[in-house]
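K.L.:
Starting off with a structure, shown below.
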Amino acid sequence: MTIQKTTENKTVTLTVSGRLDTASAPELEKELETCLEGTEQLIFDLKDLLYTSSAGLRVLLKAQKIMDKQGTMKLIHVNDDVMEVFDITGFLDILTVE
């Protein structure tokens with residue numbers, strides 16, 4: 001998995017590519033810990049995310065809970081395979097996907 005971060009004003013965009021799984025989820029969690037303070041909008045660009053496991057879902061849920069208190073979070077460019085995981089797990093009811 002690779003993570004590319006861009007910051008503009010109080011908006012952070014994380015472009016995540018590859019596989020978000022048990023091995024890589026801690027890396028994303030660590031990145032979030034360093035960039036969420038003062039962030040009002042968090043955007044995950046998942047156009048190149050091939051797969052997410054329950055470990056990845058947990059990190060996204062944690063980020064959503066933090067952003068619920070300080071701003072907004074959305075996921076963009078989600079491919080069909082990852083969208084299916086969000087749908088089956090009920091995460092489409094929790095996350096904002098555009």
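Every chain in the structure tokens has a letter given in the order shown (A, B, ...), and although residue numbers restart at 1 in each chain, ligands are simply numbered from 1 in the order shown.
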How would you write, as a ChimeraX atom specification, the set of residues in chain A that DSSP gives as alpha helix (DSSP H)?

P.N.:
/A:25-35,54-70,80-89

K.L.:
Go ahead and save the picked residues with N, CA, C and O atoms, as a short mmCIF file (atom, residue, chain, number, x, y, z; two decimals), in the first residue's frame.

P.N.:
```
data_model
loop_
_atom_site.label_atom_id
_atom_site.label_comp_id
_atom_site.auth_asym_id
_atom_site.auth_seq_id
_atom_site.Cartn_x
_atom_site.Cartn_y
_atom_site.Cartn_z
N ALA A 25 -2.73 -1.60 7.36
CA ALA A 25 -3.63 -0.72 8.10
C ALA A 25 -2.90 0.11 9.18
O ALA A 25 -3.21 1.30 9.33
N PRO A 26 -1.94 -0.46 9.91
CA PRO A 26 -1.24 0.37 10.91
C PRO A 26 -0.52 1.57 10.29
O PRO A 26 -0.42 2.62 10.92
N GLU A 27 -0.04 1.42 9.07
CA GLU A 27 0.64 2.53 8.39
C GLU A 27 -0.35 3.68 8.13
O GLU A 27 -0.03 4.85 8.35
N LEU A 28 -1.56 3.34 7.68
CA LEU A 28 -2.58 4.37 7.44
C LEU A 28 -3.01 5.00 8.77
O LEU A 28 -3.18 6.22 8.85
N GLU A 29 -3.15 4.20 9.78
CA GLU A 29 -3.54 4.71 11.09
C GLU A 29 -2.49 5.69 11.62
O GLU A 29 -2.83 6.75 12.15
N LYS A 30 -1.23 5.36 11.43
CA LYS A 30 -0.14 6.23 11.88
C LYS A 30 -0.17 7.55 11.11
O LYS A 30 0.01 8.62 11.69
N GLU A 31 -0.42 7.49 9.81
CA GLU A 31 -0.51 8.70 8.99
C GLU A 31 -1.66 9.58 9.47
O GLU A 31 -1.52 10.81 9.56
N LEU A 32 -2.79 8.97 9.78
CA LEU A 32 -3.94 9.73 10.26
C LEU A 32 -3.65 10.43 11.58
O LEU A 32 -4.07 11.57 11.79
N GLU A 33 -2.92 9.78 12.46
CA GLU A 33 -2.58 10.37 13.75
C GLU A 33 -1.77 11.65 13.59
O GLU A 33 -1.89 12.57 14.39
N THR A 34 -0.98 11.72 12.53
CA THR A 34 -0.13 12.89 12.33
C THR A 34 -0.81 14.01 11.56
O THR A 34 -0.33 15.15 11.59
N CYS A 35 -1.93 13.73 10.90
CA CYS A 35 -2.49 14.77 10.02
C CYS A 35 -3.89 15.24 10.40
O CYS A 35 -4.40 16.17 9.77
N SER A 54 -11.06 -6.13 6.97
CA SER A 54 -11.70 -5.59 8.18
C SER A 54 -10.76 -4.65 8.93
O SER A 54 -11.20 -3.70 9.55
N ALA A 55 -9.47 -4.89 8.84
CA ALA A 55 -8.49 -4.01 9.49
C ALA A 55 -8.53 -2.62 8.85
O ALA A 55 -8.47 -1.60 9.54
N GLY A 56 -8.67 -2.57 7.55
CA GLY A 56 -8.79 -1.30 6.85
C GLY A 56 -10.09 -0.60 7.18
O GLY A 56 -10.13 0.63 7.36
N LEU A 57 -11.17 -1.37 7.26
CA LEU A 57 -12.46 -0.79 7.63
C LEU A 57 -12.40 -0.18 9.02
O LEU A 57 -12.98 0.89 9.26
N ARG A 58 -11.71 -0.83 9.93
CA ARG A 58 -11.57 -0.31 11.29
C ARG A 58 -10.88 1.05 11.29
O ARG A 58 -11.30 1.98 11.99
N VAL A 59 -9.83 1.21 10.48
CA VAL A 59 -9.12 2.48 10.41
C VAL A 59 -10.02 3.57 9.83
O VAL A 59 -10.05 4.70 10.33
N LEU A 60 -10.79 3.23 8.80
CA LEU A 60 -11.71 4.20 8.21
C LEU A 60 -12.79 4.61 9.21
O LEU A 60 -13.15 5.79 9.30
N LEU A 61 -13.29 3.64 9.96
CA LEU A 61 -14.31 3.94 10.97
C LEU A 61 -13.75 4.85 12.06
O LEU A 61 -14.40 5.80 12.49
N LYS A 62 -12.54 4.58 12.49
CA LYS A 62 -11.90 5.42 13.52
C LYS A 62 -11.73 6.85 13.00
O LYS A 62 -12.02 7.81 13.72
N ALA A 63 -11.31 6.98 11.75
CA ALA A 63 -11.14 8.31 11.16
C ALA A 63 -12.49 9.02 11.08
O ALA A 63 -12.59 10.22 11.35
N GLN A 64 -13.55 8.29 10.72
CA GLN A 64 -14.87 8.88 10.62
C GLN A 64 -15.34 9.41 11.98
O GLN A 64 -15.90 10.50 12.08
N LYS A 65 -15.10 8.64 13.03
CA LYS A 65 -15.50 9.05 14.38
C LYS A 65 -14.78 10.34 14.80
O LYS A 65 -15.38 11.22 15.41
N ILE A 66 -13.51 10.44 14.47
CA ILE A 66 -12.75 11.65 14.79
C ILE A 66 -13.29 12.83 13.99
O ILE A 66 -13.52 13.91 14.52
N MET A 67 -13.51 12.62 12.70
CA MET A 67 -13.96 13.72 11.84
C MET A 67 -15.40 14.13 12.15
O MET A 67 -15.77 15.27 11.91
N ASP A 68 -16.20 13.24 12.68
CA ASP A 68 -17.56 13.61 13.09
C ASP A 68 -17.53 14.72 14.14
O ASP A 68 -18.45 15.52 14.23
N LYS A 69 -16.45 14.77 14.92
CA LYS A 69 -16.32 15.77 15.99
C LYS A 69 -15.71 17.09 15.50
O LYS A 69 -15.90 18.11 16.14
N GLN A 70 -14.97 17.05 14.38
CA GLN A 70 -14.24 18.25 13.99
C GLN A 70 -14.45 18.69 12.56
O GLN A 70 -13.88 19.69 12.13
N ASP A 80 -15.52 -0.62 -7.84
CA ASP A 80 -16.65 -1.52 -7.58
C ASP A 80 -16.34 -2.58 -6.54
O ASP A 80 -17.21 -2.92 -5.73
N ASP A 81 -15.12 -3.13 -6.54
CA ASP A 81 -14.79 -4.19 -5.58
C ASP A 81 -14.79 -3.66 -4.14
O ASP A 81 -15.33 -4.30 -3.23
N VAL A 82 -14.20 -2.51 -3.93
CA VAL A 82 -14.17 -1.92 -2.59
C VAL A 82 -15.57 -1.45 -2.20
O VAL A 82 -15.99 -1.61 -1.05
N MET A 83 -16.32 -0.92 -3.17
CA MET A 83 -17.69 -0.48 -2.90
C MET A 83 -18.54 -1.66 -2.44
O MET A 83 -19.37 -1.51 -1.54
N GLU A 84 -18.31 -2.82 -3.00
CA GLU A 84 -19.05 -4.01 -2.60
C GLU A 84 -18.76 -4.37 -1.14
O GLU A 84 -19.68 -4.74 -0.39
N VAL A 85 -17.51 -4.23 -0.72
CA VAL A 85 -17.15 -4.49 0.68
C VAL A 85 -17.88 -3.50 1.59
O VAL A 85 -18.45 -3.89 2.61
N PHE A 86 -17.89 -2.23 1.20
CA PHE A 86 -18.60 -1.22 2.00
C PHE A 86 -20.09 -1.53 2.08
O PHE A 86 -20.71 -1.37 3.13
N ASP A 87 -20.65 -1.98 0.98
CA ASP A 87 -22.09 -2.30 0.94
C ASP A 87 -22.42 -3.50 1.82
O ASP A 87 -23.33 -3.45 2.65
N ILE A 88 -21.66 -4.57 1.67
CA ILE A 88 -21.93 -5.81 2.41
C ILE A 88 -21.77 -5.60 3.92
O ILE A 88 -22.54 -6.15 4.71
N THR A 89 -20.81 -4.78 4.30
CA THR A 89 -20.53 -4.57 5.73
C THR A 89 -21.41 -3.48 6.35
O THR A 89 -21.35 -3.28 7.56
#
```

K.L.:
Would you mind listing what lies within 9 Å of Leu50 (chain A) as a tab-separated table (two decimals) with N, CA and C atoms, in the first residue's frame, with only C-alpha atoms counted and same-chain residues fewer than 3 positions away left out?

P.N.:
```
chain	number	residue	atom	x	y	z
A	17	SER	N	-3.43	3.63	-2.31
A	17	SER	CA	-3.41	2.66	-3.40
A	17	SER	C	-2.83	1.34	-2.92
A	18	GLY	N	-3.22	0.29	-3.63
A	18	GLY	CA	-2.76	-1.06	-3.28
A	18	GLY	C	-3.78	-1.79	-2.43
A	19	ARG	N	-3.29	-2.47	-1.42
A	19	ARG	CA	-4.16	-3.28	-0.54
A	19	ARG	C	-4.12	-2.71	0.88
A	20	LEU	N	-5.30	-2.46	1.41
A	20	LEU	CA	-5.43	-1.99	2.79
A	20	LEU	C	-5.87	-3.20	3.62
A	46	LEU	N	-9.67	6.86	-3.26
A	46	LEU	CA	-9.42	5.41	-3.29
A	46	LEU	C	-9.42	4.85	-4.70
A	47	LYS	N	-9.11	5.68	-5.70
A	47	LYS	CA	-9.18	5.22	-7.09
A	47	LYS	C	-8.26	4.04	-7.37
A	79	ASN	N	-13.67	2.11	-6.25
A	79	ASN	CA	-13.95	1.14	-7.32
A	79	ASN	C	-15.03	0.15	-6.89
A	81	ASP	N	-15.12	-3.13	-6.54
A	81	ASP	CA	-14.79	-4.19	-5.58
A	81	ASP	C	-14.79	-3.66	-4.14
A	82	VAL	N	-14.20	-2.51	-3.93
A	82	VAL	CA	-14.17	-1.92	-2.59
A	82	VAL	C	-15.57	-1.45	-2.20
```

K.L.:
State, in Å with one decimal place, the distance from CA of Asp45 (chain A) to CA of Met73 (chain A).

P.N.:
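Interatomic distance here is 11.0 Å.
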
K.L.:
Identify, on the basis of only C-alpha atoms, every residue whose closest approach to region 90-97 of chain A does not exceed 7 Å; exclude the query and any residue fewer than 6 positions from it along the same chain; express the result as a short mmCIF file (atom, residue, chain, number, x, y, z; two decimals) with N, CA, C and O atoms, in the first residue's frame.

P.N.:
```cif
data_model
loop_
_atom_site.label_atom_id
_atom_site.label_comp_id
_atom_site.auth_asym_id
_atom_site.auth_seq_id
_atom_site.Cartn_x
_atom_site.Cartn_y
_atom_site.Cartn_z
N MET A 73 -15.77 14.00 6.46
CA MET A 73 -14.91 13.02 5.81
C MET A 73 -15.69 12.43 4.65
O MET A 73 -16.88 12.16 4.76
N LYS A 74 -15.00 12.25 3.51
CA LYS A 74 -15.63 11.59 2.39
C LYS A 74 -14.62 10.73 1.65
O LYS A 74 -13.42 10.96 1.72
N LEU A 75 -15.15 9.73 0.96
CA LEU A 75 -14.35 8.83 0.14
C LEU A 75 -14.74 9.07 -1.31
O LEU A 75 -15.93 9.13 -1.63
N ILE A 76 -13.74 9.24 -2.16
CA ILE A 76 -14.01 9.48 -3.56
C ILE A 76 -13.33 8.43 -4.43
O ILE A 76 -12.37 7.78 -4.00
#
```

K.L.:
Compile the contact shell of Lys10 (chain A) as a list in words: residues with an atom at most 10 Å away, counting only C-alpha atoms, same-chain residues fewer than 3 positions apart removed.

P.N.:
Thr7, Leu36, Glu37, Gly38, Thr39, Glu40, Gln41, Leu42 and Gly71 of chain A

K.L.:
Would you save the residues from that selection as a PDB file, in the first residue's frame, using C-alpha atoms?

P.N.:
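See selection_3.pdb below for the written result:
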```pdb
ATOM      1  CA  THR A   7      -2.905  19.443   2.361  1.00  0.00           C
ATOM      2  CA  LEU A  36      -5.931  15.018  11.646  1.00  0.00           C
ATOM      3  CA  GLU A  37      -5.261  17.740  14.197  1.00  0.00           C
ATOM      4  CA  GLY A  38      -6.835  20.931  12.873  1.00  0.00           C
ATOM      5  CA  THR A  39      -8.241  19.193   9.805  1.00  0.00           C
ATOM      6  CA  GLU A  40     -11.794  20.200   8.949  1.00  0.00           C
ATOM      7  CA  GLN A  41     -12.225  18.050   5.853  1.00  0.00           C
ATOM      8  CA  LEU A  42     -10.645  14.652   5.254  1.00  0.00           C
ATOM      9  CA  GLY A  71     -15.473  18.352  10.402  1.00  0.00           C
TER      10      GLY A  71
END
```

K.L.:
As an exercise, work out the distance from CA of Lys5 (chain A) to CA of Tyr51 (chain A) in Å and give it to one decimal place.

P.N.:
19.3 Å

K.L.:
Measuring between only C-alpha atoms, which one of A:Asp21, A:Thr11, A:Thr52, A:Ile43 shows the shortest distance to Glu98 (chain A)?

P.N.:
A:Ile43
